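All remarks here apply to the structure that follows.
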Amino acid sequence: MATNSAIEWTEATWNPVVGCTVVSPGCTNCYAMRMAHRLAAMGQPKYAGTTRVSGDRPKWNGVVRVDARSADLPHSWKAGRIIFVNSMSDLFHDKVPVAFVHRIFSTMRATPRHIYQILTKRSDRLDALSAEIDWPKNVWMGVSVENKDYLHRVDDLRNCGAFVKFLSLEPLLGPLDQIDLSGIDWVIAGGESGPGARPIDPSWVRDIRDRCISAGIAFHFKQWGGTNKRRTGRMLDGRTWDEFPKYGDAAAAWPPTDAL
Ligand code: SF4
C-alpha cells in the first residue's frame, strides 16, 4: 500500500489486485502498465510476470493476480483517509474471482473511517455483480469514460447500488456532449500526459464543467496533460477546480480541507 499518492484526487492507494488487460482506447498509454514493469525490474515480486515488452514498450501480458496478503491492510491504517482501490489493476476485471471482490468489499465495510474510491472500465461486470454487493456508504464507485463510444459505462454506474458515484473522464479523447450526468455526484476530467500523449481540446473540458455547474455536480479538473504536464498545468479559465463530492455519513470522520 502506498501513502501520499501523487494522484491529485486521492490520498493513498491500495492494490490487492495487480495486472490487467487493455480494454478500450483510454488504456493505450496505461500508466499502471509502465509502472508495473518498472516495479518488477526493481525486484518487487508482487509485479513480477505481469508485463511483457513489445516494440520497446511494456504491455500487460494478461496475468491478473490477487494479493491476498493485502486484502486486510486498511485495518492497520488507524487514521481515516481517502484510498484509491487498485490503481494498478481493475477490481472488476473478469479474472478477479467474485469471492475476492466480496472480500475487498468486506474490508471496506469493516473500516468506515476510510473512504474508498473504486474506478473501473469493466462496467458490464459492475452491473452484473452490483445486486449481490452489500454497498457500504464509504465506497465511492466510478467508471472511466474517454470518448462517446463508452458512454454506456455511465448507465451501468447509474444502475449500481453505490451511494456515491463518480466519473473519471481521463484521458479525455473526444467531446462528450451527449453525456447524461443524472445520478452522478462527482466528475474528474483531464488530459493524457507522458510519452505519446494524445491532445485534449479545451472546449471538451469547458462543456463538461458547465454541465456540472448547471447540475450542481462537484467538478475536479486534474490536468491539461501533454508531454510536459508541469508546463501545461491545471488552470481552467483562471482557476483550479478541486471540488469533491459530499461525503454523506462518512463526512464527520473525514474532513479534507478542500471538500465542498
Ligand atoms: S483498465 Fe486501467 S489498469 Fe487496466 S489497462 Fe486500462 S487503464 Fe490500465
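Residue names in the C-alpha cells use chain letters A, B, ... in the order shown, residue numbers from 1 in each chain, and ligand numbers from 1 in the order shown.
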
Taking 6 positions as the minimum chain separation for residues in the same chain, which residues sit within 6 Å of range 219-227 of chain A when counting only C-alpha atoms? Answer as a list in words.
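That gives Trp186, Val187, Ile188, Ala189, Gly190, Gly191, Glu192, Ser193, Gly194, Pro195, Ala197, Gly233, Arg234, Trp241, Asp242 and Glu243 of chain A.
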
Can you list, as a ChimeraX atom specification, every protein, DNA or RNA residue that comes within 6 Å of range 11-21 of chain A when you count only C-alpha atoms, leaving out same-chain residues fewer than 2 positions away?
/A:1-5,50,60,62-67,70-71,82-86,88-89

Residue subset to file, keeping N, CA, C and O atoms, as a PDB file, in the first residue's frame:
```pdb
ATOM      1  N   MET A   1       0.850  -1.192   0.000  1.00  0.00           N
ATOM      2  CA  MET A   1       0.000   0.000   0.000  1.00  0.00           C
ATOM      3  C   MET A   1       0.884   1.239   0.000  1.00  0.00           C
ATOM      4  O   MET A   1       1.902   1.300   0.645  1.00  0.00           O
ATOM      5  N   ALA A   2       0.499   2.222  -0.734  1.00  0.00           N
ATOM      6  CA  ALA A   2       1.281   3.451  -0.810  1.00  0.00           C
ATOM      7  C   ALA A   2       0.491   4.594  -0.192  1.00  0.00           C
ATOM      8  O   ALA A   2      -0.696   4.749  -0.443  1.00  0.00           O
ATOM      9  N   THR A   3       1.148   5.373   0.644  1.00  0.00           N
ATOM     10  CA  THR A   3       0.514   6.571   1.181  1.00  0.00           C
ATOM     11  C   THR A   3       0.969   7.771   0.362  1.00  0.00           C
ATOM     12  O   THR A   3       1.857   7.681  -0.471  1.00  0.00           O
ATOM     13  N   ASN A   4       0.349   8.918   0.623  1.00  0.00           N
ATOM     14  CA  ASN A   4       0.743  10.156  -0.046  1.00  0.00           C
ATOM     15  C   ASN A   4       0.790   9.980  -1.560  1.00  0.00           C
ATOM     16  O   ASN A   4       1.778  10.282  -2.209  1.00  0.00           O
ATOM     17  N   SER A   5      -0.281   9.475  -2.118  1.00  0.00           N
ATOM     18  CA  SER A   5      -0.338   9.249  -3.557  1.00  0.00           C
ATOM     19  C   SER A   5      -0.130  10.547  -4.324  1.00  0.00           C
ATOM     20  O   SER A   5      -0.554  11.618  -3.908  1.00  0.00           O
ATOM     21  N   THR A  50       3.878  -9.735 -14.796  1.00  0.00           N
ATOM     22  CA  THR A  50       2.580  -9.170 -15.213  1.00  0.00           C
ATOM     23  C   THR A  50       2.676  -8.414 -16.537  1.00  0.00           C
ATOM     24  O   THR A  50       1.648  -8.025 -17.097  1.00  0.00           O
ATOM     25  N   TRP A  60       0.790  -5.086 -20.659  1.00  0.00           N
ATOM     26  CA  TRP A  60       0.261  -6.168 -19.817  1.00  0.00           C
ATOM     27  C   TRP A  60       0.353  -7.467 -20.604  1.00  0.00           C
ATOM     28  O   TRP A  60       0.138  -7.480 -21.820  1.00  0.00           O
ATOM     29  N   GLY A  62      -1.539 -10.192 -19.629  1.00  0.00           N
ATOM     30  CA  GLY A  62      -2.758 -10.949 -19.362  1.00  0.00           C
ATOM     31  C   GLY A  62      -2.795 -11.593 -17.985  1.00  0.00           C
ATOM     32  O   GLY A  62      -3.833 -12.110 -17.571  1.00  0.00           O
ATOM     33  N   VAL A  63      -1.678 -11.538 -17.267  1.00  0.00           N
ATOM     34  CA  VAL A  63      -1.669 -12.083 -15.905  1.00  0.00           C
ATOM     35  C   VAL A  63      -2.365 -11.087 -14.968  1.00  0.00           C
ATOM     36  O   VAL A  63      -2.013  -9.903 -14.942  1.00  0.00           O
ATOM     37  N   VAL A  64      -3.354 -11.568 -14.253  1.00  0.00           N
ATOM     38  CA  VAL A  64      -4.034 -10.767 -13.231  1.00  0.00           C
ATOM     39  C   VAL A  64      -3.970 -11.582 -11.946  1.00  0.00           C
ATOM     40  O   VAL A  64      -4.405 -12.744 -11.919  1.00  0.00           O
ATOM     41  N   ARG A  65      -3.409 -10.990 -10.913  1.00  0.00           N
ATOM     42  CA  ARG A  65      -3.106 -11.762  -9.702  1.00  0.00           C
ATOM     43  C   ARG A  65      -3.686 -11.063  -8.483  1.00  0.00           C
ATOM     44  O   ARG A  65      -3.500  -9.855  -8.309  1.00  0.00           O
ATOM     45  N   VAL A  66      -4.393 -11.813  -7.667  1.00  0.00           N
ATOM     46  CA  VAL A  66      -4.858 -11.225  -6.408  1.00  0.00           C
ATOM     47  C   VAL A  66      -3.745 -11.368  -5.377  1.00  0.00           C
ATOM     48  O   VAL A  66      -2.968 -12.320  -5.409  1.00  0.00           O
ATOM     49  N   ASP A  67      -3.682 -10.388  -4.497  1.00  0.00           N
ATOM     50  CA  ASP A  67      -2.672 -10.382  -3.448  1.00  0.00           C
ATOM     51  C   ASP A  67      -3.407 -10.510  -2.114  1.00  0.00           C
ATOM     52  O   ASP A  67      -3.752  -9.510  -1.482  1.00  0.00           O
ATOM     53  N   SER A  70      -2.662  -8.543   0.985  1.00  0.00           N
ATOM     54  CA  SER A  70      -3.022  -7.111   1.046  1.00  0.00           C
ATOM     55  C   SER A  70      -4.494  -6.892   1.376  1.00  0.00           C
ATOM     56  O   SER A  70      -4.893  -5.750   1.618  1.00  0.00           O
ATOM     57  N   ALA A  71      -5.275  -7.952   1.364  1.00  0.00           N
ATOM     58  CA  ALA A  71      -6.734  -7.777   1.418  1.00  0.00           C
ATOM     59  C   ALA A  71      -7.210  -7.095   2.697  1.00  0.00           C
ATOM     60  O   ALA A  71      -8.234  -6.412   2.690  1.00  0.00           O
ATOM     61  N   ILE A  82      -8.614   8.926   2.343  1.00  0.00           N
ATOM     62  CA  ILE A  82      -9.233   8.568   1.063  1.00  0.00           C
ATOM     63  C   ILE A  82      -8.291   7.617   0.339  1.00  0.00           C
ATOM     64  O   ILE A  82      -7.118   7.940   0.125  1.00  0.00           O
ATOM     65  N   ILE A  83      -8.803   6.449  -0.019  1.00  0.00           N
ATOM     66  CA  ILE A  83      -7.965   5.387  -0.592  1.00  0.00           C
ATOM     67  C   ILE A  83      -8.483   5.012  -1.976  1.00  0.00           C
ATOM     68  O   ILE A  83      -9.660   4.650  -2.140  1.00  0.00           O
ATOM     69  N   PHE A  84      -7.619   5.089  -2.954  1.00  0.00           N
ATOM     70  CA  PHE A  84      -7.929   4.648  -4.317  1.00  0.00           C
ATOM     71  C   PHE A  84      -7.629   3.148  -4.390  1.00  0.00           C
ATOM     72  O   PHE A  84      -6.505   2.717  -4.181  1.00  0.00           O
ATOM     73  N   VAL A  85      -8.666   2.366  -4.678  1.00  0.00           N
ATOM     74  CA  VAL A  85      -8.538   0.909  -4.691  1.00  0.00           C
ATOM     75  C   VAL A  85      -8.078   0.442  -6.073  1.00  0.00           C
ATOM     76  O   VAL A  85      -8.727   0.721  -7.081  1.00  0.00           O
ATOM     77  N   ASN A  86      -6.973  -0.260  -6.104  1.00  0.00           N
ATOM     78  CA  ASN A  86      -6.468  -0.852  -7.354  1.00  0.00           C
ATOM     79  C   ASN A  86      -6.052   0.177  -8.405  1.00  0.00           C
ATOM     80  O   ASN A  86      -6.549   0.174  -9.530  1.00  0.00           O
ATOM     81  N   MET A  88      -3.387  -0.134  -9.754  1.00  0.00           N
ATOM     82  CA  MET A  88      -2.540  -0.938 -10.643  1.00  0.00           C
ATOM     83  C   MET A  88      -3.324  -2.066 -11.307  1.00  0.00           C
ATOM     84  O   MET A  88      -2.728  -3.040 -11.788  1.00  0.00           O
ATOM     85  N   SER A  89      -4.644  -1.950 -11.317  1.00  0.00           N
ATOM     86  CA  SER A  89      -5.455  -3.005 -11.933  1.00  0.00           C
ATOM     87  C   SER A  89      -6.896  -2.508 -12.036  1.00  0.00           C
ATOM     88  O   SER A  89      -7.155  -1.310 -12.017  1.00  0.00           O
TER      89      SER A  89
END
```

Just the residues within 12 Å of Lys165 in chain A, please, counting only C-alpha atoms, with nothing from its chain fewer than 6 positions along; format it as a compact mmCIF listing (two decimals) with N, CA, C and O atoms, in the first residue's frame.
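Result went into out30.txt, see below:
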```txt
# COMPACT_ATOMS: atom_id res chain seq x y z
N TYR A 116 -13.26 4.91 0.28
CA TYR A 116 -12.63 4.14 -0.79
C TYR A 116 -13.16 4.59 -2.14
O TYR A 116 -14.37 4.76 -2.32
N GLN A 117 -12.24 4.76 -3.08
CA GLN A 117 -12.61 5.12 -4.45
C GLN A 117 -12.25 3.94 -5.36
O GLN A 117 -11.09 3.53 -5.43
N ILE A 118 -13.25 3.40 -6.02
CA ILE A 118 -13.02 2.30 -6.97
C ILE A 118 -13.35 2.83 -8.36
O ILE A 118 -14.39 3.46 -8.56
N LEU A 119 -12.46 2.55 -9.28
CA LEU A 119 -12.64 3.02 -10.66
C LEU A 119 -12.52 1.83 -11.59
O LEU A 119 -11.57 1.05 -11.48
N THR A 120 -13.51 1.68 -12.47
CA THR A 120 -13.45 0.54 -13.40
C THR A 120 -13.77 0.96 -14.83
O THR A 120 -14.49 1.95 -15.05
N TRP A 135 -23.48 -2.68 -0.45
CA TRP A 135 -22.70 -1.46 -0.67
C TRP A 135 -22.55 -0.65 0.61
O TRP A 135 -23.54 -0.16 1.14
N LYS A 137 -21.50 2.77 2.72
CA LYS A 137 -21.60 4.19 2.36
C LYS A 137 -20.23 4.84 2.14
O LYS A 137 -20.15 5.92 1.56
N ASN A 138 -19.18 4.20 2.62
CA ASN A 138 -17.85 4.81 2.47
C ASN A 138 -17.16 4.38 1.18
O ASN A 138 -15.96 4.60 1.02
N VAL A 139 -17.90 3.78 0.25
CA VAL A 139 -17.32 3.40 -1.05
C VAL A 139 -17.86 4.33 -2.13
O VAL A 139 -19.07 4.46 -2.30
N TRP A 140 -16.97 5.01 -2.81
CA TRP A 140 -17.33 5.81 -3.98
C TRP A 140 -17.02 4.98 -5.21
O TRP A 140 -15.89 4.55 -5.40
N MET A 141 -18.01 4.75 -6.02
CA MET A 141 -17.83 3.90 -7.21
C MET A 141 -17.77 4.78 -8.45
O MET A 141 -18.61 5.66 -8.64
N GLY A 142 -16.78 4.51 -9.31
CA GLY A 142 -16.63 5.31 -10.51
C GLY A 142 -16.35 4.47 -11.74
O GLY A 142 -15.92 3.32 -11.65
N VAL A 143 -16.65 5.06 -12.90
CA VAL A 143 -16.26 4.45 -14.18
C VAL A 143 -15.45 5.47 -14.97
O VAL A 143 -15.62 6.68 -14.82
N SER A 144 -14.55 4.95 -15.81
CA SER A 144 -13.76 5.79 -16.71
C SER A 144 -14.45 5.84 -18.07
O SER A 144 -14.89 4.81 -18.58
N ARG A 153 -21.01 3.06 -20.10
CA ARG A 153 -20.48 2.81 -18.75
C ARG A 153 -21.17 3.70 -17.71
O ARG A 153 -21.32 3.30 -16.55
N VAL A 154 -21.55 4.90 -18.13
CA VAL A 154 -22.23 5.81 -17.20
C VAL A 154 -23.60 5.23 -16.82
O VAL A 154 -24.03 5.30 -15.67
N ASP A 155 -24.27 4.62 -17.78
CA ASP A 155 -25.56 3.99 -17.49
C ASP A 155 -25.39 2.84 -16.50
O ASP A 155 -26.19 2.68 -15.56
N ASP A 156 -24.36 2.03 -16.71
CA ASP A 156 -24.12 0.91 -15.78
C ASP A 156 -23.83 1.43 -14.37
O ASP A 156 -24.30 0.87 -13.38
N LEU A 157 -23.05 2.50 -14.30
CA LEU A 157 -22.74 3.08 -12.98
C LEU A 157 -24.02 3.59 -12.32
O LEU A 157 -24.27 3.35 -11.13
N ARG A 158 -24.83 4.30 -13.11
CA ARG A 158 -26.07 4.87 -12.57
C ARG A 158 -26.95 3.78 -11.97
O ARG A 158 -27.62 3.98 -10.97
N ASN A 159 -26.91 2.59 -12.58
CA ASN A 159 -27.78 1.50 -12.14
C ASN A 159 -27.24 0.74 -10.93
O ASN A 159 -27.95 -0.09 -10.37
N LEU A 181 -25.59 13.21 -17.00
CA LEU A 181 -24.95 13.23 -15.69
C LEU A 181 -25.93 13.01 -14.55
O LEU A 181 -25.57 13.17 -13.38
N SER A 182 -27.15 12.63 -14.86
CA SER A 182 -28.11 12.43 -13.77
C SER A 182 -27.64 11.28 -12.87
O SER A 182 -27.15 10.26 -13.34
N GLY A 183 -27.76 11.49 -11.58
CA GLY A 183 -27.36 10.47 -10.61
C GLY A 183 -25.88 10.44 -10.32
O GLY A 183 -25.41 9.60 -9.55
N ILE A 184 -25.12 11.34 -10.93
CA ILE A 184 -23.66 11.36 -10.74
C ILE A 184 -23.31 12.44 -9.71
O ILE A 184 -23.84 13.55 -9.74
N ASP A 185 -22.39 12.11 -8.79
CA ASP A 185 -22.04 13.03 -7.70
C ASP A 185 -20.74 13.80 -7.93
O ASP A 185 -20.51 14.82 -7.28
N TRP A 186 -19.90 13.27 -8.79
CA TRP A 186 -18.55 13.87 -8.91
C TRP A 186 -18.01 13.55 -10.30
O TRP A 186 -18.17 12.41 -10.78
N VAL A 187 -17.37 14.52 -10.92
CA VAL A 187 -16.75 14.32 -12.23
C VAL A 187 -15.31 14.80 -12.19
O VAL A 187 -15.04 15.93 -11.78
N ILE A 188 -14.41 13.92 -12.60
CA ILE A 188 -12.99 14.27 -12.75
C ILE A 188 -12.72 14.28 -14.26
O ILE A 188 -13.11 13.35 -14.96
N ILE A 217 -23.07 19.43 -9.70
CA ILE A 217 -22.20 18.27 -9.50
C ILE A 217 -20.77 18.75 -9.25
O ILE A 217 -20.28 19.66 -9.93
N ALA A 218 -20.09 18.15 -8.28
CA ALA A 218 -18.71 18.52 -7.98
C ALA A 218 -17.82 18.22 -9.18
O ALA A 218 -17.92 17.14 -9.77
N PHE A 244 -14.85 18.21 -4.43
CA PHE A 244 -15.07 16.82 -4.04
C PHE A 244 -16.56 16.62 -3.77
O PHE A 244 -17.25 17.59 -3.43
N PRO A 245 -17.04 15.40 -3.88
CA PRO A 245 -18.47 15.18 -3.58
C PRO A 245 -18.72 15.31 -2.08
O PRO A 245 -17.79 15.21 -1.28
N LYS A 246 -19.94 15.51 -1.74
CA LYS A 246 -20.30 15.49 -0.33
C LYS A 246 -20.15 14.06 0.18
O LYS A 246 -20.36 13.10 -0.55
N TYR A 247 -19.79 13.95 1.45
CA TYR A 247 -19.39 12.64 1.95
C TYR A 247 -20.48 11.82 2.61
O TYR A 247 -20.24 10.69 2.99
```

Per residue of chain A within 7 Å of ligand 1, note the shortest atom pair and the distance in Å to one decimal, counting only C-alpha atoms and all ligand atoms, and order the rows by chain and increasing residue number, as JSON lines.
```
{"residue": "A:Cys20", "atom": "CA", "partner": "ligand 1", "partner_atom_place_in_ligand_line": "4 (Fe)", "distance": 4.6}
{"residue": "A:Thr21", "atom": "CA", "partner": "ligand 1", "partner_atom_place_in_ligand_line": "5 (S)", "distance": 4.8}
{"residue": "A:Val22", "atom": "CA", "partner": "ligand 1", "partner_atom_place_in_ligand_line": "5 (S)", "distance": 3.9}
{"residue": "A:Val23", "atom": "CA", "partner": "ligand 1", "partner_atom_place_in_ligand_line": "6 (Fe)", "distance": 5.8}
{"residue": "A:Ser24", "atom": "CA", "partner": "ligand 1", "partner_atom_place_in_ligand_line": "6 (Fe)", "distance": 6.9}
{"residue": "A:Gly26", "atom": "CA", "partner": "ligand 1", "partner_atom_place_in_ligand_line": "7 (S)", "distance": 6.2}
{"residue": "A:Cys27", "atom": "CA", "partner": "ligand 1", "partner_atom_place_in_ligand_line": "6 (Fe)", "distance": 3.9}
{"residue": "A:Cys30", "atom": "CA", "partner": "ligand 1", "partner_atom_place_in_ligand_line": "8 (Fe)", "distance": 4.4}
{"residue": "A:Tyr31", "atom": "CA", "partner": "ligand 1", "partner_atom_place_in_ligand_line": "8 (Fe)", "distance": 6.6}
{"residue": "A:Ala32", "atom": "CA", "partner": "ligand 1", "partner_atom_place_in_ligand_line": "8 (Fe)", "distance": 5.6}
{"residue": "A:Met33", "atom": "CA", "partner": "ligand 1", "partner_atom_place_in_ligand_line": "8 (Fe)", "distance": 6.1}
{"residue": "A:Ser87", "atom": "CA", "partner": "ligand 1", "partner_atom_place_in_ligand_line": "3 (S)", "distance": 6.8}
{"residue": "A:Met88", "atom": "CA", "partner": "ligand 1", "partner_atom_place_in_ligand_line": "3 (S)", "distance": 5.5}
{"residue": "A:Ser89", "atom": "CA", "partner": "ligand 1", "partner_atom_place_in_ligand_line": "3 (S)", "distance": 4.3}
{"residue": "A:Asp90", "atom": "CA", "partner": "ligand 1", "partner_atom_place_in_ligand_line": "1 (S)", "distance": 5.6}
{"residue": "A:Thr120", "atom": "CA", "partner": "ligand 1", "partner_atom_place_in_ligand_line": "1 (S)", "distance": 6.5}
{"residue": "A:Lys121", "atom": "CA", "partner": "ligand 1", "partner_atom_place_in_ligand_line": "1 (S)", "distance": 5.5}
```

Generate a file of the selected residues that holds N, CA and C atoms, formatted as a tab-separated table (two decimals), in the first residue's frame.
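Resulting contents of again-v3.tsv:
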```
chain	number	residue	atom	x	y	z
A	20	CYS	N	-3.50	-6.39	-15.51
A	20	CYS	CA	-4.73	-6.00	-16.19
A	20	CYS	C	-4.60	-6.35	-17.66
A	21	THR	N	-5.58	-5.98	-18.46
A	21	THR	CA	-5.50	-6.07	-19.92
A	21	THR	C	-6.15	-4.81	-20.48
A	22	VAL	N	-5.66	-4.36	-21.64
A	22	VAL	CA	-6.26	-3.15	-22.22
A	22	VAL	C	-7.67	-3.49	-22.71
A	23	VAL	N	-8.57	-2.53	-22.55
A	23	VAL	CA	-9.97	-2.81	-22.87
A	23	VAL	C	-10.58	-1.77	-23.79
A	24	SER	N	-9.98	-0.58	-23.87
A	24	SER	CA	-10.52	0.48	-24.73
A	24	SER	C	-9.42	1.52	-24.96
A	26	GLY	N	-8.69	4.37	-23.97
A	26	GLY	CA	-8.12	5.05	-22.81
A	26	GLY	C	-6.99	4.28	-22.16
A	27	CYS	N	-6.86	3.00	-22.48
A	27	CYS	CA	-5.82	2.15	-21.89
A	27	CYS	C	-4.49	2.22	-22.65
A	30	CYS	N	-1.50	3.29	-20.73
A	30	CYS	CA	-1.77	2.99	-19.31
A	30	CYS	C	-0.53	3.20	-18.43
A	31	TYR	N	-0.67	4.07	-17.46
A	31	TYR	CA	0.42	4.37	-16.54
A	31	TYR	C	0.75	3.13	-15.69
A	32	ALA	N	-0.27	2.41	-15.26
A	32	ALA	CA	-0.05	1.24	-14.40
A	32	ALA	C	0.79	0.17	-15.10
A	33	MET	N	0.58	0.04	-16.40
A	33	MET	CA	1.33	-0.93	-17.19
A	33	MET	C	2.83	-0.60	-17.14
A	87	SER	N	-5.11	1.01	-8.03
A	87	SER	CA	-4.53	1.91	-9.04
A	87	SER	C	-3.70	1.13	-10.06
A	88	MET	N	-3.39	-0.13	-9.75
A	88	MET	CA	-2.54	-0.94	-10.64
A	88	MET	C	-3.32	-2.07	-11.31
A	89	SER	N	-4.64	-1.95	-11.32
A	89	SER	CA	-5.45	-3.01	-11.93
A	89	SER	C	-6.90	-2.51	-12.04
A	90	ASP	N	-7.82	-3.43	-12.16
A	90	ASP	CA	-9.24	-3.11	-12.23
A	90	ASP	C	-9.96	-4.17	-11.40
A	120	THR	N	-13.51	1.68	-12.47
A	120	THR	CA	-13.45	0.54	-13.40
A	120	THR	C	-13.77	0.96	-14.83
A	121	LYS	N	-13.24	0.19	-15.75
A	121	LYS	CA	-13.69	0.27	-17.14
A	121	LYS	C	-14.56	-0.94	-17.47
```

May I have all residues of range 95-206 of chain A that DSSP, computed from the backbone, assigns to helix (DSSP H, G or I), given as a PyMOL selection string?
chain A and resi 98-109+123-132+148-150+152-159+202-206

What's around Asp149 in chain A at 10 Å? Count only C-alpha atoms, leave out sequence neighbours fewer than 3 positions away in its own chain, and write the answer as a PDB file with C-alpha atoms, in the first residue's frame.
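Writing the result to out26.pdb gives the following:
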```pdb
ATOM      1  CA  SER A  24     -10.520   0.479 -24.726  1.00  0.00           C
ATOM      2  CA  PRO A  25      -8.568   3.436 -26.212  1.00  0.00           C
ATOM      3  CA  VAL A 145     -15.066   7.215 -19.983  1.00  0.00           C
ATOM      4  CA  GLU A 146     -12.651   8.512 -22.602  1.00  0.00           C
ATOM      5  CA  HIS A 152     -22.823   3.127 -21.739  1.00  0.00           C
ATOM      6  CA  ARG A 153     -20.477   2.808 -18.746  1.00  0.00           C
ATOM      7  CA  GLY A 174     -13.134  13.392 -27.529  1.00  0.00           C
ATOM      8  CA  LEU A 176     -18.873  14.121 -24.517  1.00  0.00           C
TER       9      LEU A 176
END
```

Skipping near chain neighbours, those fewer than 4 positions away, what residues fall within 10 Å of Lys78 in chain A using only C-alpha atoms, listed as a list in words?
Pro74, Thr111, Arg113 and His114 of chain A

For a quick check of understanding, using only C-alpha atoms, which of A:Ala110, A:Ile133, A:Ala128, A:Ile115 has the smallest distance to Asp72 in chain A?
A:Ala110
